[in-house]
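target-v3.cif (mmCIF, C-alpha atoms and all ligand atoms)
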data_run
loop_
_atom_site.label_atom_id
_atom_site.label_comp_id
_atom_site.auth_asym_id
_atom_site.auth_seq_id
_atom_site.Cartn_x
_atom_site.Cartn_y
_atom_site.Cartn_z
CA MET R 1 -30.00 20.37 66.03
CA ALA R 2 -27.91 19.10 68.93
CA SER R 3 -25.52 16.18 68.63
CA GLY R 4 -28.08 13.93 70.28
CA THR R 5 -30.07 13.43 73.42
CA LEU R 6 -28.45 12.25 76.62
CA HIS R 7 -31.19 10.98 78.87
CA ILE R 8 -30.45 10.55 82.57
CA ASP R 9 -32.73 8.38 84.68
CA LEU R 10 -32.65 9.88 88.16
CA SER R 11 -34.66 7.05 89.70
CA ALA R 12 -31.97 4.62 88.47
CA LEU R 13 -29.31 6.79 90.14
CA THR R 14 -31.31 6.68 93.38
CA ALA R 15 -31.80 2.91 93.05
CA ASN R 16 -28.05 2.40 92.61
CA TYR R 17 -27.27 4.54 95.67
CA THR R 18 -29.80 2.61 97.74
CA ALA R 19 -28.48 -0.75 96.50
CA LEU R 20 -24.85 0.16 97.25
CA ALA R 21 -25.83 1.56 100.66
CA ALA R 22 -27.50 -1.77 101.44
CA ARG R 23 -24.16 -3.57 100.89
CA SER R 24 -22.67 -2.04 104.04
CA ALA R 25 -23.75 -1.19 107.56
CA THR R 26 -21.80 2.10 107.50
CA GLU R 27 -22.33 5.52 105.93
CA THR R 28 -22.39 5.59 102.13
CA ALA R 29 -20.89 8.76 100.68
CA ALA R 30 -21.12 9.70 96.97
CA VAL R 31 -18.25 10.52 94.60
CA VAL R 32 -19.38 13.25 92.17
CA LYS R 33 -16.03 14.31 90.67
CA ALA R 34 -15.55 15.09 86.96
CA ASP R 35 -18.97 16.75 86.71
CA GLY R 36 -20.69 13.77 88.29
CA TYR R 37 -18.93 11.30 85.96
CA GLY R 38 -20.04 13.41 83.02
CA LEU R 39 -23.74 13.48 83.86
CA GLY R 40 -23.89 16.92 85.51
CA SER R 41 -22.65 17.20 89.08
CA ALA R 42 -25.30 19.58 90.47
CA LEU R 43 -28.15 17.42 89.22
CA VAL R 44 -26.48 14.20 90.35
CA ALA R 45 -25.57 15.59 93.78
CA LYS R 46 -29.09 16.88 94.45
CA THR R 47 -30.56 13.51 93.52
CA LEU R 48 -28.10 11.61 95.70
CA ALA R 49 -28.69 13.99 98.63
CA GLN R 50 -32.40 13.22 98.36
CA ALA R 51 -31.50 9.52 98.29
CA GLY R 52 -29.75 9.99 101.64
CA ALA R 53 -26.11 10.87 100.89
CA ARG R 54 -24.68 13.32 103.46
CA THR R 55 -21.02 13.28 102.40
CA PHE R 56 -19.73 14.02 98.89
CA PHE R 57 -16.29 13.68 97.35
CA VAL R 58 -14.85 15.74 94.49
CA ALA R 59 -11.43 15.86 92.84
CA THR R 60 -10.73 19.60 93.09
CA ALA R 61 -11.79 22.56 95.21
CA GLU R 62 -13.48 24.16 92.17
CA GLU R 63 -15.70 21.09 91.81
CA GLY R 64 -16.49 21.38 95.52
CA VAL R 65 -17.78 24.92 95.01
CA THR R 66 -20.29 23.68 92.42
CA ILE R 67 -21.53 21.02 94.82
CA ARG R 68 -21.76 23.47 97.75
CA GLN R 69 -23.81 25.86 95.62
CA ALA R 70 -26.13 23.02 94.57
CA LEU R 71 -26.62 21.51 98.03
CA GLY R 72 -26.40 24.37 100.50
CA PRO R 73 -24.56 24.39 103.82
CA ASP R 74 -25.33 20.99 105.34
CA PRO R 75 -23.47 18.22 103.47
CA VAL R 76 -19.78 17.49 104.02
CA ILE R 77 -17.78 18.04 100.82
CA ASN R 78 -14.38 16.32 100.77
CA VAL R 79 -11.68 17.18 98.21
CA PHE R 80 -9.35 14.36 97.08
CA SER R 81 -6.59 16.69 95.83
CA GLY R 82 -6.30 18.13 99.33
CA HIS R 83 -5.21 21.72 99.99
CA MET R 84 -3.28 22.82 96.92
CA ASP R 85 -1.49 26.11 96.54
CA GLY R 86 -4.20 28.66 95.70
CA ASP R 87 -7.10 26.67 97.22
CA THR R 88 -7.29 28.44 100.59
CA ALA R 89 -10.03 30.95 99.76
CA LEU R 90 -12.24 28.34 98.10
CA ILE R 91 -11.84 25.91 101.01
CA ARG R 92 -12.65 28.64 103.55
CA ASP R 93 -15.47 30.39 101.72
CA HIS R 94 -17.28 27.19 100.69
CA ALA R 95 -16.58 25.09 103.80
CA LEU R 96 -14.77 22.34 101.90
CA THR R 97 -12.80 19.62 103.67
CA PRO R 98 -9.46 18.86 102.00
CA MET R 99 -8.11 15.32 102.21
CA LEU R 100 -4.49 16.30 102.90
CA ASN R 101 -1.93 14.30 100.92
CA SER R 102 1.56 15.34 102.06
CA PRO R 103 3.46 16.99 104.92
CA GLU R 104 3.51 20.16 102.77
CA GLN R 105 -0.29 20.16 102.50
CA ILE R 106 -0.64 19.59 106.25
CA SER R 107 1.51 22.59 107.07
CA ARG R 108 -0.16 24.72 104.39
CA HIS R 109 -3.59 23.94 105.84
CA GLN R 110 -2.53 24.47 109.47
CA THR R 111 -0.90 27.77 108.61
CA ALA R 112 -3.58 29.17 106.29
CA LEU R 113 -6.73 27.92 108.02
CA PRO R 114 -5.91 26.91 111.61
CA GLY R 115 -8.78 25.00 113.17
CA ALA R 116 -10.52 24.34 109.83
CA PRO R 117 -11.57 20.71 109.22
CA TYR R 118 -9.38 18.37 107.20
CA GLY R 119 -8.97 14.69 106.44
CA LEU R 120 -5.83 12.70 105.79
CA GLN R 121 -5.18 10.50 102.79
CA LEU R 122 -2.75 7.57 103.12
CA ASP R 123 -0.77 5.82 100.39
CA THR R 124 -1.26 2.13 101.20
CA GLY R 125 0.20 0.87 97.93
CA MET R 126 -1.14 2.77 94.92
CA SER R 127 1.70 5.33 94.77
CA ARG R 128 -0.60 8.08 93.57
CA LEU R 129 -1.95 10.30 96.36
CA GLY R 130 -1.52 10.35 100.10
CA LEU R 131 1.01 10.31 102.92
CA GLN R 132 3.58 7.57 102.50
CA PRO R 133 4.52 5.24 105.36
CA GLY R 134 7.73 7.25 105.85
CA HIS R 135 5.72 10.44 106.49
CA TRP R 136 3.40 8.78 108.92
CA PRO R 137 5.39 8.82 112.20
CA ALA R 138 5.47 12.64 112.09
CA ALA R 139 2.08 13.17 110.41
CA ARG R 140 0.23 10.85 112.79
CA ALA R 141 0.13 13.69 115.32
CA HIS R 142 -2.54 15.26 113.06
CA ALA R 143 -4.61 12.08 112.78
CA GLN R 144 -6.76 12.28 115.88
CA SER R 145 -8.28 15.65 114.97
CA ALA R 146 -8.89 14.73 111.33
CA THR R 147 -12.51 14.27 110.22
CA LEU R 148 -11.57 11.21 108.14
CA ILE R 149 -8.59 9.03 107.30
CA MET R 150 -8.85 7.50 103.86
CA SER R 151 -6.94 5.46 101.33
CA HIS R 152 -7.76 4.05 97.88
CA LEU R 153 -7.50 0.52 96.48
CA ALA R 154 -5.70 0.09 93.16
CA CYS R 155 -7.14 -3.34 92.22
CA ALA R 156 -10.68 -3.44 93.62
CA ASP R 157 -12.14 -4.25 90.18
CA ASP R 158 -10.35 -7.61 90.61
CA PRO R 159 -11.26 -8.89 94.10
CA PRO R 160 -8.82 -11.87 94.20
CA HIS R 161 -5.85 -9.62 93.38
CA ALA R 162 -3.30 -9.93 96.19
CA GLN R 163 -2.82 -6.16 96.40
CA ASN R 164 -6.31 -5.73 97.89
CA ALA R 165 -5.50 -7.73 101.03
CA GLN R 166 -2.08 -6.08 101.19
CA GLN R 167 -3.53 -2.56 101.08
CA LEU R 168 -6.16 -3.55 103.66
CA ALA R 169 -3.41 -4.80 105.99
CA ASN R 170 -1.36 -1.63 105.43
CA PHE R 171 -4.39 0.60 106.10
CA ARG R 172 -5.17 -1.29 109.31
CA ALA R 173 -1.57 -1.11 110.48
CA MET R 174 -1.23 2.62 109.77
CA THR R 175 -4.50 3.52 111.52
CA GLU R 176 -4.30 1.13 114.48
CA GLY R 177 -5.20 2.71 117.79
CA LEU R 178 -6.87 5.77 116.23
CA THR R 179 -10.56 6.52 116.74
CA THR R 180 -10.81 8.82 113.70
CA PRO R 181 -13.42 7.65 111.13
CA ARG R 182 -11.83 5.66 108.29
CA SER R 183 -12.71 4.98 104.64
CA LEU R 184 -11.03 2.61 102.16
CA ALA R 185 -13.72 1.40 99.74
CA ALA R 186 -14.88 2.90 96.44
CA THR R 187 -17.40 0.89 94.36
CA GLY R 188 -15.15 -2.17 94.09
CA GLY R 189 -14.25 -2.22 97.79
CA THR R 190 -17.91 -1.74 98.74
CA LEU R 191 -18.68 -5.00 96.92
CA MET R 192 -15.73 -6.85 98.48
CA GLY R 193 -17.30 -7.20 101.91
CA ALA R 194 -17.48 -5.80 105.41
CA GLU R 195 -13.76 -5.84 106.23
CA TYR R 196 -13.24 -3.18 103.55
CA HIS R 197 -16.06 -0.90 104.72
CA PHE R 198 -14.66 0.73 107.91
CA ASP R 199 -16.78 3.83 108.77
CA MET R 200 -17.69 5.05 105.28
CA THR R 201 -17.83 3.68 101.75
CA ARG R 202 -17.45 6.13 98.85
CA PRO R 203 -18.71 4.66 95.57
CA GLY R 204 -18.63 6.55 92.29
CA ILE R 205 -19.00 4.50 89.11
CA GLY R 206 -21.53 2.06 90.59
CA LEU R 207 -23.93 4.96 91.21
CA TYR R 208 -23.81 5.77 87.50
CA GLY R 209 -24.50 2.19 86.44
CA GLY R 210 -20.96 1.01 85.72
CA PHE R 211 -18.71 -2.00 86.33
CA PRO R 212 -17.74 -3.41 88.81
CA PHE R 213 -21.30 -2.98 90.16
CA ALA R 214 -22.76 -5.76 88.02
CA ASP R 215 -26.26 -5.35 89.54
CA ALA R 216 -26.46 -1.66 88.70
CA THR R 217 -29.53 -0.17 87.02
CA PRO R 218 -28.57 1.62 83.77
CA VAL R 219 -28.67 5.40 84.25
CA VAL R 220 -27.97 6.81 80.77
CA ARG R 221 -29.44 6.53 77.32
CA LEU R 222 -27.77 8.29 74.41
CA SER R 223 -29.72 8.70 71.19
CA LEU R 224 -28.07 10.21 68.09
CA PRO R 225 -30.02 11.84 65.24
CA VAL R 226 -29.66 10.83 61.59
CA ILE R 227 -28.78 13.69 59.21
CA GLN R 228 -29.13 11.74 55.98
CA ILE R 229 -29.23 8.20 54.58
CA ARG R 230 -27.69 7.08 51.28
CA ASP R 231 -27.66 3.89 49.24
CA ILE R 232 -24.20 2.80 48.19
CA ALA R 233 -23.13 0.24 45.62
CA PRO R 234 -20.72 -2.64 46.23
CA GLY R 235 -17.12 -1.38 46.19
CA THR R 236 -18.01 2.09 47.52
CA ALA R 237 -15.83 3.48 50.33
CA VAL R 238 -17.15 5.12 53.52
CA GLY R 239 -15.40 7.77 55.61
CA TYR R 240 -11.86 9.05 56.16
CA SER R 241 -9.06 6.91 54.76
CA ALA R 242 -11.67 4.69 53.05
CA THR R 243 -11.28 2.01 55.71
CA TYR R 244 -14.70 0.50 54.94
CA ILE R 245 -15.68 -0.73 51.46
CA ALA R 246 -19.23 -2.03 50.93
CA ASP R 247 -19.30 -5.73 49.99
CA ARG R 248 -22.89 -5.49 48.69
CA PRO R 249 -25.50 -2.75 48.31
CA ARG R 250 -25.79 -1.00 51.67
CA LYS R 251 -27.73 1.84 53.29
CA ILE R 252 -25.45 4.19 55.22
CA ALA R 253 -26.87 6.64 57.78
CA THR R 254 -24.79 9.69 58.77
CA LEU R 255 -25.32 10.70 62.41
CA SER R 256 -24.70 14.06 64.06
CA ALA R 257 -22.11 13.13 66.74
CA GLY R 258 -18.45 12.23 66.72
CA TYR R 259 -15.26 12.12 68.71
CA ALA R 260 -15.74 15.73 69.80
CA ASP R 261 -18.79 14.39 71.66
CA GLY R 262 -16.83 11.68 73.45
CA LEU R 263 -17.53 8.96 70.90
CA ILE R 264 -13.86 8.22 70.69
CA ARG R 265 -12.05 7.33 67.48
CA ALA R 266 -11.22 3.89 68.87
CA MET R 267 -14.89 3.03 68.24
CA SER R 268 -14.24 3.18 64.46
CA SER R 269 -15.55 0.00 62.76
CA ARG R 270 -16.04 -1.59 66.20
CA ALA R 271 -19.10 -0.11 67.93
CA THR R 272 -22.72 -1.08 67.34
CA LEU R 273 -25.72 1.25 67.49
CA TRP R 274 -29.34 0.17 67.84
CA HIS R 275 -32.60 0.98 66.10
CA GLY R 276 -35.14 -0.61 68.41
CA ASN R 277 -34.01 -4.23 68.48
CA THR R 278 -31.95 -4.01 65.27
CA PRO R 279 -28.17 -3.82 65.68
CA CYS R 280 -26.53 -1.37 63.24
CA PRO R 281 -22.73 -1.50 62.93
CA LEU R 282 -20.62 1.64 62.92
CA VAL R 283 -18.65 1.44 59.66
CA GLY R 284 -15.49 3.34 58.80
CA ARG R 285 -13.78 6.00 60.89
CA VAL R 286 -15.43 8.13 63.54
CA SER R 287 -15.20 11.79 62.41
CA MET R 288 -15.11 14.81 64.71
CA ASP R 289 -18.86 15.47 64.44
CA LEU R 290 -20.19 12.55 62.39
CA LEU R 291 -20.64 8.79 62.48
CA THR R 292 -21.46 6.49 59.55
CA ILE R 293 -23.71 3.57 60.39
CA ASP R 294 -24.87 0.61 58.31
CA VAL R 295 -28.68 0.66 58.56
CA THR R 296 -29.30 -1.85 55.75
CA ASP R 297 -31.14 -4.19 58.13
CA CYS R 298 -33.57 -1.57 59.51
CA ALA R 299 -37.18 -2.16 58.51
CA GLU R 300 -37.74 1.59 57.99
CA PRO R 301 -35.31 4.52 57.68
CA PRO R 302 -34.33 5.44 61.25
CA GLU R 303 -34.57 9.03 62.52
CA ALA R 304 -32.20 8.32 65.40
CA LEU R 305 -30.10 5.45 66.74
CA ASP R 306 -29.14 4.56 70.31
CA ILE R 307 -25.48 4.12 71.20
CA LEU R 308 -26.21 3.73 74.94
CA GLY R 309 -29.47 2.25 76.12
CA PRO R 310 -31.29 -0.97 76.90
CA HIS R 311 -29.26 -2.94 74.33
CA GLN R 312 -25.86 -1.51 75.12
CA SER R 313 -24.47 -0.51 78.49
CA VAL R 314 -21.68 1.95 79.13
CA ASP R 315 -19.36 -1.01 79.78
CA GLN R 316 -20.31 -2.84 76.59
CA LEU R 317 -19.59 0.26 74.53
CA ALA R 318 -16.35 0.77 76.45
CA GLU R 319 -15.27 -2.77 75.69
CA ALA R 320 -15.90 -2.30 71.97
CA ALA R 321 -13.63 0.75 72.11
CA GLY R 322 -10.97 -0.91 74.24
CA THR R 323 -11.52 1.32 77.26
CA ILE R 324 -13.49 1.46 80.52
CA GLY R 325 -16.94 2.81 81.34
CA TYR R 326 -15.43 5.63 83.41
CA GLU R 327 -13.78 7.07 80.29
CA ILE R 328 -16.91 6.76 78.15
CA LEU R 329 -19.06 8.60 80.73
CA THR R 330 -16.60 11.36 81.58
CA SER R 331 -15.90 12.03 77.87
CA LEU R 332 -19.54 12.74 76.97
CA GLY R 333 -19.34 16.24 75.58
CA PRO R 334 -21.41 19.37 76.18
CA ARG R 335 -23.25 19.30 72.83
CA TYR R 336 -25.95 16.83 73.80
CA THR R 337 -29.41 17.95 74.80
CA ARG R 338 -29.79 16.62 78.32
CA THR R 339 -33.11 15.30 79.50
CA VAL R 340 -34.01 13.68 82.81
CA SER R 341 -36.75 11.45 84.09
CA PRO R 342 -37.56 11.78 87.80
C1 LIG L 401 -12.74 8.16 91.92
C2 LIG L 401 -12.48 7.75 93.33
C3 LIG L 401 -13.44 7.04 94.05
C4 LIG L 401 -14.68 6.45 93.40
O1 LIG L 401 -14.25 5.33 92.66
P1 LIG L 401 -15.26 4.41 91.82
O2 LIG L 401 -14.39 3.32 91.32
O3 LIG L 401 -15.79 5.27 90.74
O4 LIG L 401 -16.32 3.94 92.75
C5 LIG L 401 -13.22 6.82 95.40
N1 LIG L 401 -12.07 7.26 95.99
C6 LIG L 401 -11.11 7.91 95.32
C7 LIG L 401 -9.88 8.34 96.01
C8 LIG L 401 -11.27 8.17 93.96
O5 LIG L 401 -10.30 8.81 93.28
#
Reformat the file's structure so that it appears as structure tokens.
Amino acid sequence: MASGTLHIDLSALTANYTALAARSATETAAVVKADGYGLGSALVAKTLAQAGARTFFVATAEEGVTIRQALGPDPVINVFSGHMDGDTALIRDHALTPMLNSPEQISRHQTALPGAPYGLQLDTGMSRLGLQPGHWPAARAHAQSATLIMSHLACADDPPHAQNAQQLANFRAMTEGLTTPRSLAATGGTLMGAEYHFDMTRPGIGLYGGFPFADATPVVRLSLPVIQIRDIAPGTAVGYSATYIADRPRKIATLSAGYADGLIRAMSSRATLWHGNTPCPLVGRVSMDLLTIDVTDCAEPPEALDILGPHQSVDQLAEAAGTIGYEILTSLGPRYTRTVSP
């Protein structure tokens, strides 16, 4: 028996793409890095291509190969990590477009694949990837023949944050006078309004139903099977380190999933699972492959409980564990049976 069933609603994915595309008048690309935020990048990319996406972004060249094989020759596949040492054959053979990040990457690309398409990534204030302002006077010579000039906002989940306007001003200043297509907005920037949209938005998390796209349709449901249920007496301990002691007679269900399946240990004694409309608290520590859940309030013994679904979004579960929805989704392990609805 698998660790549970991860159900992916493809029509919700399509609805989220369409809703995010309606927020701007420009092209809406799709970010499908990290195996499509944990949901399966080939499946996700095919669905988003049918929804109208023509440009895809991945983190690494290897991820780009998976998307090229799923989608065929037509879509543009952009690689955030640029042209790294060792990437040349993958970029050439799979027609990937690296978003070049440094003077070294620019010269590597020009030398290895002269004439091959590339984009440029600018550091407008995040200090993570991209050409810094000091590189720009020399690198700007490569801007006009780039397919895209892009940068990334550090604080777009918090629209009033002063760094958003600062990065916007920096991006405008660095790209002034160029006619190359530009992109600044991920999900957060897409929701912040037209001045952030430029020629292309590139949402990720909002497609998969996550914050900051508050109007998103939920895409995933995760149902975990019960292995056994026991009655315990008051004073009985549950799980590693005996962190939970029953205060009264309780029914404890043991479920077949744990931190090896992305249900991180920080959920211990903090997450809630659901049996229909009945909330069932996770009690004690999360084990590698097991969870212990208080099902005392269930009308009948449950065969499975939902940890993601209509009663609990990815972001609500993330909050209980002190993390973000991105980490919950991309941690979902390979042991689940995956099902889809069209
Ligand atoms: C991950 C990423 C995105 C997508 O961000 P979301 O917040 O998931 O919408 C866009 N651009 C870059 C550079 C990224 O790294």
Answer as a ChimeraX atom specification, residues within 7 Å of (-25.8, 1.5, 46.2) using all atoms listed in the file: /R:231-234,249-250
Could you build a table of the residues in chain R lying no more than 8 Å from ligand LIG 401 (chain L), giving for each the nearest pair of atoms and their separation in Å rounded to one decimal place, using all atoms listed in the file, ordered by chain and ascending residue number, as JSON lines?
{"residue": "R:Val31", "atom": "CA", "partner": "L:LIG401", "partner_atom": "C4", "distance": 5.5}
{"residue": "R:Lys33", "atom": "CA", "partner": "L:LIG401", "partner_atom": "C1", "distance": 7.1}
{"residue": "R:Phe57", "atom": "CA", "partner": "L:LIG401", "partner_atom": "C5", "distance": 7.8}
{"residue": "R:Ala59", "atom": "CA", "partner": "L:LIG401", "partner_atom": "O5", "distance": 7.2}
{"residue": "R:Phe80", "atom": "CA", "partner": "L:LIG401", "partner_atom": "C7", "distance": 6.1}
{"residue": "R:Met150", "atom": "CA", "partner": "L:LIG401", "partner_atom": "C7", "distance": 8.0}
{"residue": "R:Ser151", "atom": "CA", "partner": "L:LIG401", "partner_atom": "C7", "distance": 6.7}
{"residue": "R:His152", "atom": "CA", "partner": "L:LIG401", "partner_atom": "C7", "distance": 5.1}
{"residue": "R:Asp157", "atom": "CA", "partner": "L:LIG401", "partner_atom": "O2", "distance": 8.0}
{"residue": "R:Leu184", "atom": "CA", "partner": "L:LIG401", "partner_atom": "N1", "distance": 7.8}
{"residue": "R:Ala185", "atom": "CA", "partner": "L:LIG401", "partner_atom": "C5", "distance": 7.0}
{"residue": "R:Ala186", "atom": "CA", "partner": "L:LIG401", "partner_atom": "O4", "distance": 4.1}
{"residue": "R:Thr187", "atom": "CA", "partner": "L:LIG401", "partner_atom": "O4", "distance": 3.6}
{"residue": "R:Gly188", "atom": "CA", "partner": "L:LIG401", "partner_atom": "O2", "distance": 6.2}
{"residue": "R:Arg202", "atom": "CA", "partner": "L:LIG401", "partner_atom": "C5", "distance": 5.5}
{"residue": "R:Pro203", "atom": "CA", "partner": "L:LIG401", "partner_atom": "O4", "distance": 3.8}
{"residue": "R:Gly204", "atom": "CA", "partner": "L:LIG401", "partner_atom": "O3", "distance": 3.5}
{"residue": "R:Ile205", "atom": "CA", "partner": "L:LIG401", "partner_atom": "O3", "distance": 3.7}
{"residue": "R:Gly206", "atom": "CA", "partner": "L:LIG401", "partner_atom": "O4", "distance": 5.9}
{"residue": "R:Leu207", "atom": "CA", "partner": "L:LIG401", "partner_atom": "O4", "distance": 7.8}
{"residue": "R:Pro212", "atom": "CA", "partner": "L:LIG401", "partner_atom": "O2", "distance": 7.9}
{"residue": "R:Tyr326", "atom": "CA", "partner": "L:LIG401", "partner_atom": "O3", "distance": 7.3}
Given all atoms listed in the file, how would the per-residue table for stretch 75-94 of chain R near stretch 143-149 of chain R read, listing every residue at most 12 Å away with its closest atom pair and distance in Å to one decimal, sorted by chain and number, as CSV?
residue,atom,partner,partner_atom,distance
R:Val76,CA,R:Thr147,CA,10.1
R:Ile77,CA,R:Thr147,CA,11.4
R:Asn78,CA,R:Leu148,CA,9.4
R:Val79,CA,R:Leu148,CA,11.6
R:Phe80,CA,R:Ile149,CA,11.6
Polymer residues at most 12 Å from (-19.8, 17.2, 106.6) by all atoms listed in the file, as a PyMOL selection string: chain R and resi 27+29+53-57+68+71-79+94-98+117-119+147-148
Shell of 10 Å around R:Val226, only C-alpha atoms, local chain residues under 6 positions omitted, as a PyMOL selection string: chain R and resi 3-4+253-257+290-293+301-305
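Of note, atom CA of R:Ile264 and atom CA of R:Pro225 are spaced 17.4 Å apart.
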Minimum-distance residue to R:Ala266, chosen among R:Ala112, R:Gly284, R:Ala321, R:Leu6 (using only C-alpha atoms):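 Closest residue, counting only C-alpha atoms: R:Ala321.
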R:Val340, R:Leu224, R:Met267, R:Ala25 ranked by distance to R:Val283, top pick (using only C-alpha atoms):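 Once distances to R:Val283 are computed over only C-alpha atoms, the minimum belongs to R:Met267.
The nearest approach to R:Gly262 among the residues R:Gly38, R:Ala246, R:Ala45, R:Gly210, with all atoms listed in the file taken into account, belongs to R:Gly38.
A straight line drawn from atom CA of R:Val32 to atom CA of R:Thr60 is 10.8 Å long.
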For R:Ser331, the nearest of the candidates R:Glu62, R:Ala237, R:Ala318, R:Arg248, counting only C-alpha atoms: R:Ala318
Contact residues around R:Arg23 with all atoms listed in the file at 9 Å, ignoring same-chain residues under 6 positions, as a list of chain:residue names: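 Here the qualifying residues turn out to be R:Thr190, R:Leu191, R:Gly193, R:Ala194.
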Writer output for current selection, C-alpha atoms, as a PDB file, in the coordinates of the input:
ATOM      1  CA  THR R 190     -17.910  -1.740  98.740  1.00  0.00           C
ATOM      2  CA  LEU R 191     -18.680  -5.000  96.920  1.00  0.00           C
ATOM      3  CA  GLY R 193     -17.300  -7.200 101.910  1.00  0.00           C
ATOM      4  CA  ALA R 194     -17.480  -5.800 105.410  1.00  0.00           C
TER       5      ALA R 194
END
Within 8 Å of R:Ser287, counting all atoms listed in the file, which residues show up once you throw out same-chain ones fewer than 3 positions away? Write them as a PDB file with C-alpha atoms, keeping the file's coordinate frame, please.
ATOM      1  CA  GLY R 239     -15.400   7.770  55.610  1.00  0.00           C
ATOM      2  CA  TYR R 240     -11.860   9.050  56.160  1.00  0.00           C
ATOM      3  CA  GLY R 258     -18.450  12.230  66.720  1.00  0.00           C
ATOM      4  CA  TYR R 259     -15.260  12.120  68.710  1.00  0.00           C
ATOM      5  CA  ARG R 265     -12.050   7.330  67.480  1.00  0.00           C
ATOM      6  CA  LEU R 290     -20.190  12.550  62.390  1.00  0.00           C
ATOM      7  CA  LEU R 291     -20.640   8.790  62.480  1.00  0.00           C
TER       8      LEU R 291
END
Counting only C-alpha atoms, the residue of R:Pro181, R:Gly64, R:Pro279, R:Gly130 that sits nearest R:Thr26: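 When distances to R:Thr26 are compared using only C-alpha atoms, the smallest one comes from R:Pro181.
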Interatomic distance, atom CA of R:Lys251 to atom CA of R:Trp274 (Å, one decimal): 14.7 Å
Expected file content for stretch 36-40 of chain R, all heavy atoms, as a PDB file, in the first residue's frame:
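Okay, selection05.pdb is ready:
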ATOM      1  N   GLY R  36       7.600  20.758 -11.375  1.00  0.00           N
ATOM      2  CA  GLY R  36       6.269  21.380 -11.375  1.00  0.00           C
ATOM      3  C   GLY R  36       5.772  21.570  -9.955  1.00  0.00           C
ATOM      4  O   GLY R  36       4.663  21.176  -9.628  1.00  0.00           O
ATOM      5  N   TYR R  37       6.631  22.191  -9.108  1.00  0.00           N
ATOM      6  CA  TYR R  37       6.312  22.425  -7.691  1.00  0.00           C
ATOM      7  C   TYR R  37       5.834  21.130  -7.012  1.00  0.00           C
ATOM      8  O   TYR R  37       4.911  21.126  -6.203  1.00  0.00           O
ATOM      9  CB  TYR R  37       5.286  23.558  -7.544  1.00  0.00           C
ATOM     10  CG  TYR R  37       5.848  24.950  -7.811  1.00  0.00           C
ATOM     11  CD1 TYR R  37       6.551  25.221  -8.970  1.00  0.00           C
ATOM     12  CD2 TYR R  37       5.671  25.994  -6.900  1.00  0.00           C
ATOM     13  CE1 TYR R  37       7.074  26.480  -9.221  1.00  0.00           C
ATOM     14  CE2 TYR R  37       6.191  27.264  -7.147  1.00  0.00           C
ATOM     15  CZ  TYR R  37       6.889  27.495  -8.321  1.00  0.00           C
ATOM     16  OH  TYR R  37       7.418  28.742  -8.569  1.00  0.00           O
ATOM     17  N   GLY R  38       6.483  20.032  -7.401  1.00  0.00           N
ATOM     18  CA  GLY R  38       6.228  18.765  -6.730  1.00  0.00           C
ATOM     19  C   GLY R  38       5.082  17.965  -7.310  1.00  0.00           C
ATOM     20  O   GLY R  38       4.841  16.838  -6.886  1.00  0.00           O
ATOM     21  N   LEU R  39       4.371  18.510  -8.297  1.00  0.00           N
ATOM     22  CA  LEU R  39       3.175  17.819  -8.782  1.00  0.00           C
ATOM     23  C   LEU R  39       3.438  16.957 -10.004  1.00  0.00           C
ATOM     24  O   LEU R  39       2.576  16.184 -10.417  1.00  0.00           O
ATOM     25  CB  LEU R  39       2.070  18.840  -9.087  1.00  0.00           C
ATOM     26  CG  LEU R  39       1.686  19.725  -7.895  1.00  0.00           C
ATOM     27  CD1 LEU R  39       0.477  20.586  -8.247  1.00  0.00           C
ATOM     28  CD2 LEU R  39       1.394  18.895  -6.653  1.00  0.00           C
ATOM     29  N   GLY R  40       4.627  17.069 -10.592  1.00  0.00           N
ATOM     30  CA  GLY R  40       4.955  16.286 -11.793  1.00  0.00           C
ATOM     31  C   GLY R  40       5.062  17.225 -12.987  1.00  0.00           C
ATOM     32  O   GLY R  40       4.040  17.649 -13.528  1.00  0.00           O
TER      33      GLY R  40
END
